[in-house]
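What's in work_19.pdb: PDB, C-alpha atoms, pLDDT in the B column
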ATOM      1  CA  MET G   1      -5.316   0.777  -2.593  1.00 40.00           C
ATOM      2  CA  THR G   2      -5.766  -2.274  -4.791  1.00 44.00           C
ATOM      3  CA  PRO G   3      -3.256  -5.088  -5.070  1.00 46.00           C
ATOM      4  CA  ASN G   4      -0.820  -5.174  -7.943  1.00 43.00           C
ATOM      5  CA  PRO G   5      -1.897  -7.213 -10.969  1.00 48.00           C
ATOM      6  CA  PRO G   6      -0.590 -10.789 -11.127  1.00 43.00           C
ATOM      7  CA  GLY G   7       3.055 -10.962 -12.070  1.00 43.00           C
ATOM      8  CA  GLN G   8       3.933  -7.551 -10.692  1.00 50.00           C
ATOM      9  CA  ASP G   9       6.086  -6.967  -7.678  1.00 65.00           C
ATOM     10  CA  TYR G  10       4.391  -6.634  -4.338  1.00 77.00           C
ATOM     11  CA  LEU G  11       6.835  -3.891  -3.372  1.00 83.00           C
ATOM     12  CA  THR G  12       7.330  -1.024  -5.801  1.00 87.00           C
ATOM     13  CA  PRO G  13      10.758   0.477  -6.446  1.00 89.00           C
ATOM     14  CA  ALA G  14       9.602   3.687  -4.723  1.00 92.00           C
ATOM     15  CA  GLU G  15       8.463   1.746  -1.662  1.00 90.00           C
ATOM     16  CA  SER G  16      11.713  -0.179  -1.582  1.00 90.00           C
ATOM     17  CA  ALA G  17      13.652   3.086  -1.762  1.00 93.00           C
ATOM     18  CA  ALA G  18      11.547   4.509   1.072  1.00 94.00           C
ATOM     19  CA  VAL G  19      12.318   1.461   3.216  1.00 94.00           C
ATOM     20  CA  ASP G  20      16.017   1.824   2.372  1.00 93.00           C
ATOM     21  CA  ALA G  21      15.917   5.473   3.439  1.00 95.00           C
ATOM     22  CA  ALA G  22      14.161   4.709   6.720  1.00 95.00           C
ATOM     23  CA  LEU G  23      16.169   4.844   9.912  1.00 95.00           C
ATOM     24  CA  LEU G  24      15.838   1.116  10.507  1.00 95.00           C
ATOM     25  CA  SER G  25      18.243  -1.743  11.074  1.00 96.00           C
ATOM     26  CA  THR G  26      18.691  -4.318   8.328  1.00 95.00           C
ATOM     27  CA  PRO G  27      16.383  -6.849  10.053  1.00 96.00           C
ATOM     28  CA  GLU G  28      13.758  -4.125  10.548  1.00 96.00           C
ATOM     29  CA  LYS G  29      13.972  -3.162   6.864  1.00 95.00           C
ATOM     30  CA  PHE G  30      13.490  -6.799   5.885  1.00 94.00           C
ATOM     31  CA  LEU G  31      10.452  -7.089   8.158  1.00 95.00           C
ATOM     32  CA  THR G  32       9.029  -3.852   6.764  1.00 95.00           C
ATOM     33  CA  ARG G  33       9.368  -5.115   3.176  1.00 93.00           C
ATOM     34  CA  LEU G  34       7.827  -8.447   4.183  1.00 92.00           C
ATOM     35  CA  THR G  35       4.934  -6.702   5.908  1.00 94.00           C
ATOM     36  CA  ILE G  36       4.129  -4.473   2.931  1.00 93.00           C
ATOM     37  CA  SER G  37       4.323  -7.429   0.547  1.00 90.00           C
ATOM     38  CA  SER G  38       2.199  -9.587   2.852  1.00 92.00           C
ATOM     39  CA  TRP G  39      -0.402  -6.840   3.093  1.00 93.00           C
ATOM     40  CA  ARG G  40      -0.636  -6.799  -0.697  1.00 91.00           C
ATOM     41  CA  VAL G  41      -1.072 -10.579  -0.815  1.00 92.00           C
ATOM     42  CA  LEU G  42      -3.777 -10.374   1.858  1.00 95.00           C
ATOM     43  CA  LEU G  43      -5.552  -7.677  -0.162  1.00 94.00           C
ATOM     44  CA  ARG G  44      -5.493  -9.986  -3.176  1.00 93.00           C
ATOM     45  CA  ILE G  45      -6.807 -12.931  -1.157  1.00 95.00           C
ATOM     46  CA  ALA G  46      -9.610 -10.798   0.291  1.00 96.00           C
ATOM     47  CA  GLN G  47     -10.514  -9.596  -3.198  1.00 94.00           C
ATOM     48  CA  ASP G  48     -10.555 -13.159  -4.549  1.00 93.00           C
ATOM     49  CA  GLN G  49     -12.668 -14.334  -1.582  1.00 93.00           C
ATOM     50  CA  ASN G  50     -15.013 -11.319  -1.830  1.00 95.00           C
ATOM     51  CA  VAL G  51     -14.496 -10.449   1.834  1.00 96.00           C
ATOM     52  CA  ALA G  52     -12.992  -7.559   3.729  1.00 97.00           C
ATOM     53  CA  ILE G  53      -9.352  -8.121   4.604  1.00 95.00           C
ATOM     54  CA  GLU G  54     -10.316  -7.945   8.287  1.00 96.00           C
ATOM     55  CA  ALA G  55     -12.728 -10.843   7.783  1.00 96.00           C
ATOM     56  CA  LEU G  56     -10.155 -13.244   6.328  1.00 96.00           C
ATOM     57  CA  THR G  57      -9.614 -16.386   8.335  1.00 96.00           C
ATOM     58  CA  PRO G  58      -6.447 -18.464   8.508  1.00 96.00           C
ATOM     59  CA  GLU G  59      -8.368 -21.245   6.736  1.00 96.00           C
ATOM     60  CA  GLN G  60      -9.217 -18.933   3.811  1.00 96.00           C
ATOM     61  CA  ILE G  61      -5.606 -17.810   3.540  1.00 96.00           C
ATOM     62  CA  ILE G  62      -4.344 -21.399   3.569  1.00 96.00           C
ATOM     63  CA  ALA G  63      -6.933 -22.446   0.967  1.00 95.00           C
ATOM     64  CA  TRP G  64      -5.938 -19.542  -1.281  1.00 94.00           C
ATOM     65  CA  PHE G  65      -2.254 -20.506  -1.103  1.00 92.00           C
ATOM     66  CA  GLU G  66      -3.157 -24.140  -1.807  1.00 93.00           C
ATOM     67  CA  GLN G  67      -5.166 -23.080  -4.863  1.00 93.00           C
ATOM     68  CA  ASP G  68      -2.395 -20.819  -6.151  1.00 91.00           C
ATOM     69  CA  SER G  69       0.109 -23.641  -5.654  1.00 89.00           C
ATOM     70  CA  LYS G  70      -2.169 -26.057  -7.512  1.00 91.00           C
ATOM     71  CA  THR G  71      -2.507 -23.560 -10.366  1.00 88.00           C
ATOM     72  CA  ARG G  72       1.290 -23.225 -10.531  1.00 87.00           C
ATOM     73  CA  ARG G  73       1.753 -27.014 -10.647  1.00 87.00           C
ATOM     74  CA  GLU G  74      -0.991 -27.675 -13.188  1.00 88.00           C
ATOM     75  CA  GLN G  75      -0.784 -24.606 -15.432  1.00 89.00           C
ATOM     76  CA  GLY G  76       2.705 -23.241 -14.853  1.00 83.00           C
ATOM     77  CA  VAL G  77       4.160 -20.369 -12.895  1.00 83.00           C
ATOM     78  CA  ASP G  78       2.759 -17.748 -15.283  1.00 84.00           C
ATOM     79  CA  ALA G  79      -0.802 -18.807 -14.425  1.00 84.00           C
ATOM     80  CA  ALA G  80      -0.247 -18.450 -10.675  1.00 84.00           C
ATOM     81  CA  VAL G  81      -0.634 -15.193  -8.780  1.00 86.00           C
ATOM     82  CA  LEU G  82       2.573 -15.572  -6.783  1.00 82.00           C
ATOM     83  CA  LYS G  83       5.698 -15.883  -8.896  1.00 77.00           C
ATOM     84  CA  TRP G  84       8.556 -17.899  -7.492  1.00 67.00           C
ATOM     85  CA  ASP G  85      10.509 -20.962  -8.429  1.00 58.00           C
ATOM     86  CA  SER G  86       8.977 -23.966  -6.701  1.00 47.00           C
ATOM     87  CA  GLN G  87      12.213 -25.983  -6.631  1.00 46.00           C
TER      88      GLN G  87
END
Would you mind writing the structure in this file as structure tokens?
Amino acid sequence: MTPNPPGQDYLTPAESAAVDAALLSTPEKFLTRLTISSWRVLLRIAQDQNVAIEALTPEQIIAWFEQDSKTRREQGVDAAVLKWDSQ
């Protein structure tokens, strides 16, 4: 599976519905959504770094987030991969 293109959600409506339907507590559902979304971000980072997801290091992940943050500051939120208000 490839990561969603920039600007798309990292959890599809179908996946969200599946999590909602799961026999999980509210905190477990939150963690499940977070895990799926994080997996998608890690896939994107691995793709951008040209490495297998298993080969990613914490330093590469941090550097990727720093670069995405720099892009957001310098070029605006639409140029960044991750979309959130930085306030």
Q) Suppose you want the space between atom CA of G:Asp68 and atom CA of G:Glu15; what is it in Å? A) 25.4 Å
**Q.** Contacts of G:Trp39 within 10 Å, all atoms listed in the file, excl. fewer than 5 positions in-chain, as a ChimeraX atom specification
**A.** /G:3,10,33-34,44-45,53
Q: With the file shown as input, list the residues that the PyMOL selection byres ((chain G and resi 46) around 12) selects, as a VMD selection string.
A: chain G and resid 2 to 3 39 to 45 47 to 58 60 to 61 63 to 64
Q: Please indicate the distance in Å from atom CA of G:Thr71 to atom CA of G:Leu11, rounded to one decimal place.
A: 22.9 Å
Q.
When the PyMOL selection byres ((chain G and resi 19) around 12) is applied to the structure above, which residues does it catch, written out as a ChimeraX atom specification?
A. /G:11-18,20-36
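The interatomic distance for the pair atom CA of G:Ser38 and atom CA of G:Glu66 works out to 16.2 Å.
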Per-axis box centre and lengths in Å around stretch 78-84 of chain G, 3 Å margin per side, axis-aligned, as lines of an AutoDock Vina configuration file:
center_x = 3.9
center_y = -17.0
center_z = -11.0
size_x = 15.4
size_y = 9.6
size_z = 14.5
Missing atoms in stretch 18-51 of chain G need filling: write out N, CA and C atoms for it as an mmCIF file, in the coordinates of the input.
data_model
loop_
_atom_site.group_PDB
_atom_site.id
_atom_site.type_symbol
_atom_site.label_atom_id
_atom_site.label_comp_id
_atom_site.auth_asym_id
_atom_site.auth_seq_id
_atom_site.Cartn_x
_atom_site.Cartn_y
_atom_site.Cartn_z
ATOM 1 N N ALA G 18 11.988 3.899 -0.182
ATOM 2 C CA ALA G 18 11.547 4.509 1.072
ATOM 3 C C ALA G 18 11.969 3.668 2.267
ATOM 4 N N VAL G 19 11.873 2.352 2.136
ATOM 5 C CA VAL G 19 12.318 1.461 3.216
ATOM 6 C C VAL G 19 13.831 1.610 3.399
ATOM 7 N N ASP G 20 14.558 1.655 2.288
ATOM 8 C CA ASP G 20 16.017 1.824 2.372
ATOM 9 C C ASP G 20 16.390 3.112 3.091
ATOM 10 N N ALA G 21 15.612 4.172 2.847
ATOM 11 C CA ALA G 21 15.917 5.473 3.439
ATOM 12 C C ALA G 21 15.484 5.577 4.904
ATOM 13 N N ALA G 22 14.652 4.668 5.338
ATOM 14 C CA ALA G 22 14.161 4.709 6.720
ATOM 15 C C ALA G 22 15.294 4.444 7.706
ATOM 16 N N LEU G 23 15.167 5.023 8.858
ATOM 17 C CA LEU G 23 16.169 4.844 9.912
ATOM 18 C C LEU G 23 15.881 3.546 10.665
ATOM 19 N N LEU G 24 16.114 2.448 9.971
ATOM 20 C CA LEU G 24 15.838 1.116 10.507
ATOM 21 C C LEU G 24 17.072 0.242 10.357
ATOM 22 N N SER G 25 17.173 -0.755 11.208
ATOM 23 C CA SER G 25 18.243 -1.743 11.074
ATOM 24 C C SER G 25 17.930 -2.642 9.873
ATOM 25 N N THR G 26 18.902 -3.404 9.449
ATOM 26 C CA THR G 26 18.691 -4.318 8.328
ATOM 27 C C THR G 26 17.564 -5.306 8.606
ATOM 28 N N PRO G 27 17.509 -5.947 9.782
ATOM 29 C CA PRO G 27 16.383 -6.849 10.053
ATOM 30 C C PRO G 27 15.037 -6.121 10.043
ATOM 31 N N GLU G 28 15.004 -4.893 10.548
ATOM 32 C CA GLU G 28 13.758 -4.125 10.548
ATOM 33 C C GLU G 28 13.327 -3.764 9.132
ATOM 34 N N LYS G 29 14.285 -3.457 8.268
ATOM 35 C CA LYS G 29 13.972 -3.162 6.864
ATOM 36 C C LYS G 29 13.403 -4.407 6.185
ATOM 37 N N PHE G 30 14.007 -5.553 6.449
ATOM 38 C CA PHE G 30 13.490 -6.799 5.885
ATOM 39 C C PHE G 30 12.052 -7.034 6.333
ATOM 40 N N LEU G 31 11.791 -6.873 7.622
ATOM 41 C CA LEU G 31 10.452 -7.089 8.158
ATOM 42 C C LEU G 31 9.459 -6.090 7.570
ATOM 43 N N THR G 32 9.896 -4.867 7.370
ATOM 44 C CA THR G 32 9.029 -3.852 6.764
ATOM 45 C C THR G 32 8.662 -4.241 5.342
ATOM 46 N N ARG G 33 9.647 -4.666 4.551
ATOM 47 C CA ARG G 33 9.368 -5.115 3.176
ATOM 48 C C ARG G 33 8.415 -6.313 3.182
ATOM 49 N N LEU G 34 8.670 -7.260 4.077
ATOM 50 C CA LEU G 34 7.827 -8.447 4.183
ATOM 51 C C LEU G 34 6.402 -8.072 4.558
ATOM 52 N N THR G 35 6.259 -7.122 5.461
ATOM 53 C CA THR G 35 4.934 -6.702 5.908
ATOM 54 C C THR G 35 4.160 -6.026 4.783
ATOM 55 N N ILE G 36 4.795 -5.139 4.055
ATOM 56 C CA ILE G 36 4.129 -4.473 2.931
ATOM 57 C C ILE G 36 3.721 -5.495 1.877
ATOM 58 N N SER G 37 4.634 -6.392 1.535
ATOM 59 C CA SER G 37 4.323 -7.429 0.547
ATOM 60 C C SER G 37 3.203 -8.342 1.025
ATOM 61 N N SER G 38 3.239 -8.718 2.294
ATOM 62 C CA SER G 38 2.199 -9.587 2.852
ATOM 63 C C SER G 38 0.847 -8.901 2.838
ATOM 64 N N TRP G 39 0.841 -7.621 3.143
ATOM 65 C CA TRP G 39 -0.402 -6.840 3.093
ATOM 66 C C TRP G 39 -0.993 -6.880 1.696
ATOM 67 N N ARG G 40 -0.147 -6.743 0.684
ATOM 68 C CA ARG G 40 -0.636 -6.799 -0.697
ATOM 69 C C ARG G 40 -1.211 -8.180 -1.032
ATOM 70 N N VAL G 41 -0.555 -9.230 -0.576
ATOM 71 C CA VAL G 41 -1.072 -10.579 -0.815
ATOM 72 C C VAL G 41 -2.409 -10.753 -0.104
ATOM 73 N N LEU G 42 -2.511 -10.276 1.128
ATOM 74 C CA LEU G 42 -3.777 -10.374 1.858
ATOM 75 C C LEU G 42 -4.887 -9.588 1.167
ATOM 76 N N LEU G 43 -4.558 -8.428 0.610
ATOM 77 C CA LEU G 43 -5.552 -7.677 -0.162
ATOM 78 C C LEU G 43 -6.045 -8.496 -1.346
ATOM 79 N N ARG G 44 -5.128 -9.161 -2.025
ATOM 80 C CA ARG G 44 -5.493 -9.986 -3.176
ATOM 81 C C ARG G 44 -6.380 -11.149 -2.747
ATOM 82 N N ILE G 45 -6.016 -11.808 -1.659
ATOM 83 C CA ILE G 45 -6.807 -12.931 -1.157
ATOM 84 C C ILE G 45 -8.208 -12.455 -0.790
ATOM 85 N N ALA G 46 -8.302 -11.339 -0.091
ATOM 86 C CA ALA G 46 -9.610 -10.798 0.291
ATOM 87 C C ALA G 46 -10.444 -10.483 -0.947
ATOM 88 N N GLN G 47 -9.813 -9.902 -1.952
ATOM 89 C CA GLN G 47 -10.514 -9.596 -3.198
ATOM 90 C C GLN G 47 -11.020 -10.886 -3.848
ATOM 91 N N ASP G 48 -10.166 -11.889 -3.933
ATOM 92 C CA ASP G 48 -10.555 -13.159 -4.549
ATOM 93 C C ASP G 48 -11.655 -13.871 -3.763
ATOM 94 N N GLN G 49 -11.672 -13.691 -2.441
ATOM 95 C CA GLN G 49 -12.668 -14.334 -1.582
ATOM 96 C C GLN G 49 -13.930 -13.475 -1.420
ATOM 97 N N ASN G 50 -13.896 -12.262 -1.965
ATOM 98 C CA ASN G 50 -15.013 -11.319 -1.830
ATOM 99 C C ASN G 50 -15.350 -11.027 -0.366
ATOM 100 N N VAL G 51 -14.311 -10.812 0.425
ATOM 101 C CA VAL G 51 -14.496 -10.449 1.834
ATOM 102 C C VAL G 51 -13.572 -9.281 2.168
#
